[in-house]
Amino acid sequence: MSIFPMTEAGTRGFTIDLIYRESPESPSYDSTLMPWQHSVNALRRSFNRLSHLRRIEYSTQSPVVDIISDSGEFFVKFSIGTPQVPILATFDTSSDLIWTQCLPCLKCFKQNYPIFTPSHSSTYRQLDCNSVLCKAYPGATCDKASKRCIYSESYADGSFSSGDFVTETITLGSTNGEKISIPNVAIGCGRKNGGTFSAGDSGIAGFGSGKVSLISQLGSSGQGKFSYCLVSFLSETSNSSRLHFGNDAVVFGRGVVSTPIVLKPKQTLYYLTLEGIGVGNERFDFYDPSTPPNAPNASREGNIIIDSGTTLTFLPSNLYNNLEKAMVSSIKLRRIKDPQGVLNLCYYSPKDIQVPIITVHFKGADVKLNTINTFVRTSENALCFAFAPAKDIPIYGNLAQVNFLIGYDLNKKTVSFKATDCSKS
């Protein structure tokens, strides 16, 4: 197996696997659960994730990533250091920082993978306070006694992580068997960590728009592009979801639609502009036409977050209510209450059903969703609408993204969609 530098990888592009948290490849997988029970776990995490993103959205201070360990839905596997130590990190498009636990630990949560020992690595370098990378991350501070760059984070759910802000070599294993080495990547080396993290977690891989996210630190070599293709959560295929970089991340061909990314000051989140949603021949606008332009949350641009870590799609109450009414008038099955008490609209249906196609009207891009994107099973007999009302922060969740190749281009500031059978990509 060959290893080549990132400069070469950037000209060729490369692809790695995304591991779904509820899949057999994940250390968090529980083989005793039925397929629908795995779906329910993901739905419950969606509401934790909503709270997490709400705190980021409405923070008046510099962004502090409120990481809830069970809210991320996908892992990425890579190695850090020389020699390499394997890491399984939560893939998170709503945060920037890359971090993992480090020895010696003042306090560490249990993890299945070996904890990284900096003293064993020849490529480990402590960042000083005046370094560009130290200044680039708002969560970093200076230890005045040692003049070392450090970070300390306390999270709303009681979790915490603190330690040294350093540079290390990250090695990604591509799907073609080659390994891609990326030197001098700024990461958090956590010496004191705890809270609600599971043993499957080794840390976080931030893919947000900020300067210290993994995609940003690839620089010109990564060309500011990444894309992913999410396999259906209930798919029987052994193929994993895929995460592409550089040339491999370009979304092209027939059927591609693109919409602008709206980047907001002091935010790492990816905002899109949702103009409305259609069901059959009906279309419902995101905003009531009578809404005054200066009303709270009346901005027409950047009104919804696209997020890899949220399963459900959350919409403003008025839009959700219109959408639910249209689905009720179109589906002639017996309605039941959600056995899990999570979702509003459920039907008695032991078998999967065909439902009206929902068209999501982003600015400049119409995305047509199929049943796999809009309904989810919450028991053997309950099939539920995978959308929910939110009072404030709309989120375009990952269930709506299944079987789409979705590309982020940070240079052009666009997100592109192409309907794809991700199990064959």
# chains A, B, ... in the order shown; residues from 1 in each chain; ligands from 1
>>> select_by_dssp(residues="range 155-272 of chain A", states="alpha helix (DSSP H)", output="compact mmCIF listing (two decimals) with N, CA and C atoms, in the first residue's frame")
# COMPACT_ATOMS: atom_id res chain seq x y z
N LEU A 214 -11.11 20.58 8.57
CA LEU A 214 -10.26 19.71 7.76
C LEU A 214 -10.27 20.13 6.30
N ILE A 215 -11.44 20.45 5.75
CA ILE A 215 -11.49 20.83 4.34
C ILE A 215 -10.74 22.13 4.09
N SER A 216 -10.80 23.06 5.03
CA SER A 216 -10.07 24.33 4.86
C SER A 216 -8.57 24.12 4.94
N GLN A 217 -8.13 23.21 5.80
CA GLN A 217 -6.70 23.00 5.98
C GLN A 217 -6.06 22.20 4.84
N GLY A 219 -6.36 23.27 1.92
CA GLY A 219 -5.90 24.39 1.11
C GLY A 219 -6.07 24.14 -0.38
N SER A 220 -5.11 24.62 -1.16
CA SER A 220 -5.19 24.49 -2.62
C SER A 220 -5.13 23.02 -3.05
N SER A 221 -4.52 22.17 -2.23
CA SER A 221 -4.43 20.76 -2.58
C SER A 221 -5.80 20.10 -2.63
N GLY A 222 -6.68 20.47 -1.69
CA GLY A 222 -8.03 19.92 -1.68
C GLY A 222 -8.99 20.71 -2.55
>>> residues_around(residues="Ser79 in chain A", least_positions_apart="2", cutoff="7 Å", atoms="only C-alpha atoms", output="PyMOL selection string")
chain A and resi 81+84-87+170-172
>>> write_last_selection(atoms="N, CA and C atoms", output="compact mmCIF listing (two decimals), in the first residue's frame")
# COMPACT_ATOMS: atom_id res chain seq x y z
N GLY A 81 -0.38 11.14 13.43
CA GLY A 81 0.94 10.90 13.98
C GLY A 81 1.82 10.04 13.12
N GLN A 84 1.52 5.87 12.67
CA GLN A 84 0.10 6.20 12.61
C GLN A 84 -0.70 5.52 13.72
N VAL A 85 -1.63 6.30 14.27
CA VAL A 85 -2.57 5.78 15.28
C VAL A 85 -3.98 5.97 14.72
N PRO A 86 -4.79 4.91 14.62
CA PRO A 86 -6.12 5.03 14.01
C PRO A 86 -7.08 5.83 14.89
N ILE A 87 -7.92 6.62 14.23
CA ILE A 87 -8.91 7.46 14.88
C ILE A 87 -10.25 7.23 14.18
N ILE A 170 -1.95 13.98 9.43
CA ILE A 170 -3.15 13.15 9.32
C ILE A 170 -3.02 12.29 8.07
N THR A 171 -3.34 11.03 8.18
CA THR A 171 -3.28 10.11 7.04
C THR A 171 -4.65 9.52 6.78
N LEU A 172 -5.14 9.74 5.57
CA LEU A 172 -6.44 9.23 5.16
C LEU A 172 -6.25 8.02 4.25
>>> atom_distance(atom1="CA of Leu103 in chain A", atom2="CA of Val185 in chain A")
18.8 Å
>>> atom_distance(atom1="CA of Ser162 in chain A", atom2="CA of Cys149 in chain A")
11.3 Å
>>> closest_residue(among="A:Lys77, A:Arg242, A:Lys225, A:Lys144", to="Ser423 in chain A", atoms="only C-alpha atoms")
A:Arg242
>>> residues_around(residues="range 376-387 of chain A", least_positions_apart="5", cutoff="9 Å", atoms="only C-alpha atoms", output="PyMOL selection string")
chain A and resi 34-37+39-40+43+311-315+320+324+327+336-340+342-353+371+397+399-400
>>> write_last_selection(atoms="C-alpha atoms", output="CSV table (one decimal), in the first residue's frame")
chain,number,residue,atom,x,y,z
A,34,MET,CA,-34.5,-4.4,14.6
A,35,PRO,CA,-33.8,-2.1,11.6
A,36,TRP,CA,-36.6,0.3,12.6
A,37,GLN,CA,-35.1,0.6,16.1
A,39,SER,CA,-34.0,4.5,12.7
A,40,VAL,CA,-35.7,5.5,16.0
A,43,LEU,CA,-34.7,10.3,15.1
A,311,THR,CA,-31.6,12.9,10.5
A,312,LEU,CA,-34.9,14.8,10.3
A,313,THR,CA,-35.7,17.9,8.3
A,314,PHE,CA,-37.0,20.7,10.5
A,315,LEU,CA,-39.2,23.4,8.9
A,320,TYR,CA,-44.6,22.2,8.0
A,324,GLU,CA,-48.5,17.9,6.5
A,327,MET,CA,-49.6,14.8,2.6
A,336,ILE,CA,-52.0,6.3,13.8
A,337,LYS,CA,-50.0,7.9,16.6
A,338,ASP,CA,-46.2,7.5,16.4
A,339,PRO,CA,-45.4,4.6,18.8
A,340,GLN,CA,-42.3,6.4,19.8
A,342,VAL,CA,-41.5,11.5,18.2
A,343,LEU,CA,-43.2,12.4,14.8
A,344,ASN,CA,-46.5,14.0,14.0
A,345,LEU,CA,-47.8,12.2,11.0
A,346,CYS,CA,-47.8,8.4,10.9
A,347,TYR,CA,-49.7,5.7,9.1
A,348,TYR,CA,-50.4,2.0,9.8
A,349,SER,CA,-48.4,0.3,7.1
A,350,PRO,CA,-46.5,-2.9,7.6
A,351,LYS,CA,-45.2,-2.5,4.0
A,352,ASP,CA,-43.5,0.5,2.4
A,353,ILE,CA,-45.7,2.7,0.3
A,371,THR,CA,-40.2,8.0,-0.4
A,397,GLY,CA,-31.4,16.7,7.4
A,399,LEU,CA,-32.5,11.5,5.4
A,400,ALA,CA,-33.5,14.0,2.7
>>> select_by_dssp(residues="range 66-207 of chain A", states="strand (DSSP E)", output="number ranges by chain")
A: 74-80, 85-92, 98-101, 125-126, 140-143, 148-154, 160-173, 179-194, 203-206
>>> write_last_selection(atoms="C-alpha atoms", output="short mmCIF file (atom, residue, chain, number, x, y, z; two decimals), in the first residue's frame")
data_model
loop_
_atom_site.label_atom_id
_atom_site.label_comp_id
_atom_site.auth_asym_id
_atom_site.auth_seq_id
_atom_site.Cartn_x
_atom_site.Cartn_y
_atom_site.Cartn_z
CA PHE A 74 -21.40 9.43 10.52
CA PHE A 75 -17.81 8.55 11.38
CA VAL A 76 -14.68 9.09 9.31
CA LYS A 77 -11.68 6.86 9.89
CA PHE A 78 -8.15 8.22 9.61
CA SER A 79 -4.80 8.08 11.40
CA ILE A 80 -2.73 10.73 13.14
CA VAL A 85 -2.57 5.78 15.28
CA PRO A 86 -6.12 5.03 14.01
CA ILE A 87 -8.91 7.46 14.88
CA LEU A 88 -12.67 7.16 14.37
CA ALA A 89 -14.04 10.71 14.46
CA THR A 90 -17.54 12.08 14.08
CA PHE A 91 -17.99 13.71 10.65
CA ASP A 92 -19.51 17.12 11.39
CA ILE A 98 -10.51 18.48 14.61
CA TRP A 99 -9.72 16.93 17.97
CA THR A 100 -8.99 13.62 19.66
CA GLN A 101 -8.06 12.40 23.13
CA ARG A 125 4.37 19.96 17.14
CA GLN A 126 2.99 22.28 19.78
CA ALA A 140 -7.94 28.79 21.31
CA THR A 141 -6.21 30.78 24.05
CA CYS A 142 -2.65 31.33 25.22
CA ASP A 143 -1.00 29.75 28.23
CA ARG A 148 1.67 27.43 24.28
CA CYS A 149 -1.60 27.51 22.38
CA ILE A 150 -4.33 25.66 24.27
CA TYR A 151 -8.07 25.17 23.97
CA SER A 152 -10.79 24.61 26.53
CA GLU A 153 -14.42 23.90 25.72
CA SER A 154 -17.39 23.40 28.05
CA PHE A 160 -16.05 19.11 27.98
CA SER A 161 -12.71 18.91 26.19
CA SER A 162 -9.49 20.80 26.78
CA GLY A 163 -5.84 20.41 25.97
CA ASP A 164 -3.10 21.51 23.59
CA PHE A 165 -3.67 23.03 20.17
CA VAL A 166 -1.02 21.38 18.00
CA THR A 167 -0.11 20.31 14.48
CA GLU A 168 0.14 16.71 13.38
CA THR A 169 0.23 14.60 10.26
CA ILE A 170 -3.15 13.15 9.32
CA THR A 171 -3.28 10.11 7.04
CA LEU A 172 -6.44 9.23 5.16
CA GLY A 173 -6.94 5.81 3.61
CA LYS A 179 -3.00 6.42 1.70
CA ILE A 180 -2.95 10.22 1.59
CA SER A 181 -0.63 12.01 4.03
CA ILE A 182 -1.47 15.58 5.12
CA PRO A 183 1.27 17.24 7.22
CA ASN A 184 0.96 20.11 9.71
CA VAL A 185 -2.77 19.92 10.33
CA ALA A 186 -3.96 21.91 13.35
CA ILE A 187 -5.82 19.66 15.80
CA GLY A 188 -6.91 19.70 19.41
CA CYS A 189 -5.05 17.24 21.59
CA GLY A 190 -7.50 16.64 24.44
CA ARG A 191 -5.97 16.06 27.87
CA LYS A 192 -9.18 16.48 29.83
CA ASN A 193 -12.37 15.18 28.28
CA GLY A 194 -15.65 13.81 29.56
CA GLY A 203 -13.10 12.77 18.66
CA ILE A 204 -14.52 15.14 16.06
CA ALA A 205 -13.60 15.88 12.44
CA GLY A 206 -14.93 19.35 11.68
#
>>> residues_around(residues="Ser94 in chain A", least_positions_apart="6", cutoff="8 Å", atoms="only C-alpha atoms", output="ChimeraX atom specification")
/A:53,206-208,268-270,307-308
>>> closest_residue(among="A:Leu97, A:Cys134, A:Leu369, A:Ile261", to="Asn411 in chain A", atoms="only C-alpha atoms")
A:Ile261
>>> decode(residues="range 170-205 of chain A", atoms="N, CA and C atoms", output="short mmCIF file (atom, residue, chain, number, x, y, z; two decimals), in the first residue's frame")
data_model
loop_
_atom_site.label_atom_id
_atom_site.label_comp_id
_atom_site.auth_asym_id
_atom_site.auth_seq_id
_atom_site.Cartn_x
_atom_site.Cartn_y
_atom_site.Cartn_z
N ILE A 170 -1.95 13.98 9.43
CA ILE A 170 -3.15 13.15 9.32
C ILE A 170 -3.02 12.29 8.07
N THR A 171 -3.34 11.03 8.18
CA THR A 171 -3.28 10.11 7.04
C THR A 171 -4.65 9.52 6.78
N LEU A 172 -5.14 9.74 5.57
CA LEU A 172 -6.44 9.23 5.16
C LEU A 172 -6.25 8.02 4.25
N GLY A 173 -7.02 6.98 4.47
CA GLY A 173 -6.94 5.81 3.61
C GLY A 173 -8.01 5.88 2.54
N SER A 174 -7.63 6.02 1.27
CA SER A 174 -8.61 6.17 0.20
C SER A 174 -9.18 4.82 -0.20
N THR A 175 -10.30 4.87 -0.93
CA THR A 175 -10.98 3.64 -1.30
C THR A 175 -10.22 2.83 -2.35
N ASN A 176 -9.22 3.43 -2.99
CA ASN A 176 -8.43 2.67 -3.97
C ASN A 176 -7.22 1.99 -3.34
N GLY A 177 -7.14 2.04 -2.01
CA GLY A 177 -6.07 1.34 -1.31
C GLY A 177 -4.85 2.19 -1.01
N GLU A 178 -4.77 3.38 -1.61
CA GLU A 178 -3.64 4.25 -1.33
C GLU A 178 -3.92 5.08 -0.08
N LYS A 179 -2.85 5.56 0.54
CA LYS A 179 -3.00 6.42 1.70
C LYS A 179 -2.53 7.83 1.35
N ILE A 180 -3.25 8.83 1.88
CA ILE A 180 -2.95 10.22 1.59
C ILE A 180 -2.46 10.88 2.88
N SER A 181 -1.25 11.41 2.85
CA SER A 181 -0.63 12.01 4.03
C SER A 181 -0.76 13.53 3.96
N ILE A 182 -1.28 14.13 5.03
CA ILE A 182 -1.47 15.58 5.12
C ILE A 182 -0.68 16.10 6.31
N PRO A 183 0.45 16.78 6.10
CA PRO A 183 1.27 17.24 7.22
C PRO A 183 0.75 18.55 7.82
N ASN A 184 1.17 18.82 9.06
CA ASN A 184 0.96 20.11 9.71
C ASN A 184 -0.50 20.54 9.78
N VAL A 185 -1.36 19.61 10.14
CA VAL A 185 -2.77 19.92 10.33
C VAL A 185 -3.00 20.33 11.79
N ALA A 186 -3.67 21.45 12.00
CA ALA A 186 -3.96 21.91 13.35
C ALA A 186 -5.08 21.07 13.95
N ILE A 187 -4.82 20.47 15.12
CA ILE A 187 -5.82 19.66 15.80
C ILE A 187 -5.79 19.97 17.29
N GLY A 188 -6.88 19.63 17.96
CA GLY A 188 -6.91 19.70 19.41
C GLY A 188 -6.48 18.38 20.00
N CYS A 189 -5.55 18.43 20.92
CA CYS A 189 -5.05 17.24 21.59
C CYS A 189 -5.62 17.25 23.01
N GLY A 190 -6.73 16.53 23.21
CA GLY A 190 -7.50 16.64 24.44
C GLY A 190 -6.87 15.90 25.61
N ARG A 191 -6.53 16.66 26.65
CA ARG A 191 -5.97 16.06 27.87
C ARG A 191 -7.02 15.85 28.96
N LYS A 192 -8.12 16.58 28.83
CA LYS A 192 -9.18 16.48 29.83
C LYS A 192 -10.51 16.49 29.09
N ASN A 193 -11.16 15.34 29.07
CA ASN A 193 -12.37 15.18 28.28
C ASN A 193 -13.38 14.34 29.05
N GLY A 194 -14.64 14.62 28.88
CA GLY A 194 -15.65 13.81 29.56
C GLY A 194 -17.05 14.25 29.19
N GLY A 195 -18.01 13.52 29.72
CA GLY A 195 -19.40 13.84 29.46
C GLY A 195 -20.12 12.67 28.84
N THR A 196 -20.85 12.93 27.76
CA THR A 196 -21.75 11.93 27.19
C THR A 196 -21.18 11.19 25.98
N PHE A 197 -19.88 11.23 25.78
CA PHE A 197 -19.28 10.57 24.63
C PHE A 197 -19.38 9.05 24.77
N SER A 198 -19.54 8.38 23.61
CA SER A 198 -19.63 6.92 23.62
C SER A 198 -18.26 6.33 23.33
N ALA A 199 -18.13 5.02 23.56
CA ALA A 199 -16.84 4.36 23.35
C ALA A 199 -16.46 4.32 21.88
N GLY A 200 -17.45 4.51 20.99
CA GLY A 200 -17.15 4.52 19.57
C GLY A 200 -16.45 5.78 19.10
N ASP A 201 -16.57 6.85 19.88
CA ASP A 201 -15.98 8.13 19.50
C ASP A 201 -14.50 8.19 19.87
N SER A 202 -13.70 8.73 18.94
CA SER A 202 -12.33 9.10 19.26
C SER A 202 -12.15 10.60 19.23
N GLY A 203 -13.19 11.32 18.78
CA GLY A 203 -13.10 12.77 18.66
C GLY A 203 -14.03 13.28 17.57
N ILE A 204 -13.69 14.46 17.04
CA ILE A 204 -14.52 15.14 16.06
C ILE A 204 -13.67 15.53 14.86
N ALA A 205 -14.24 15.38 13.66
CA ALA A 205 -13.60 15.88 12.44
C ALA A 205 -14.50 16.98 11.88
#
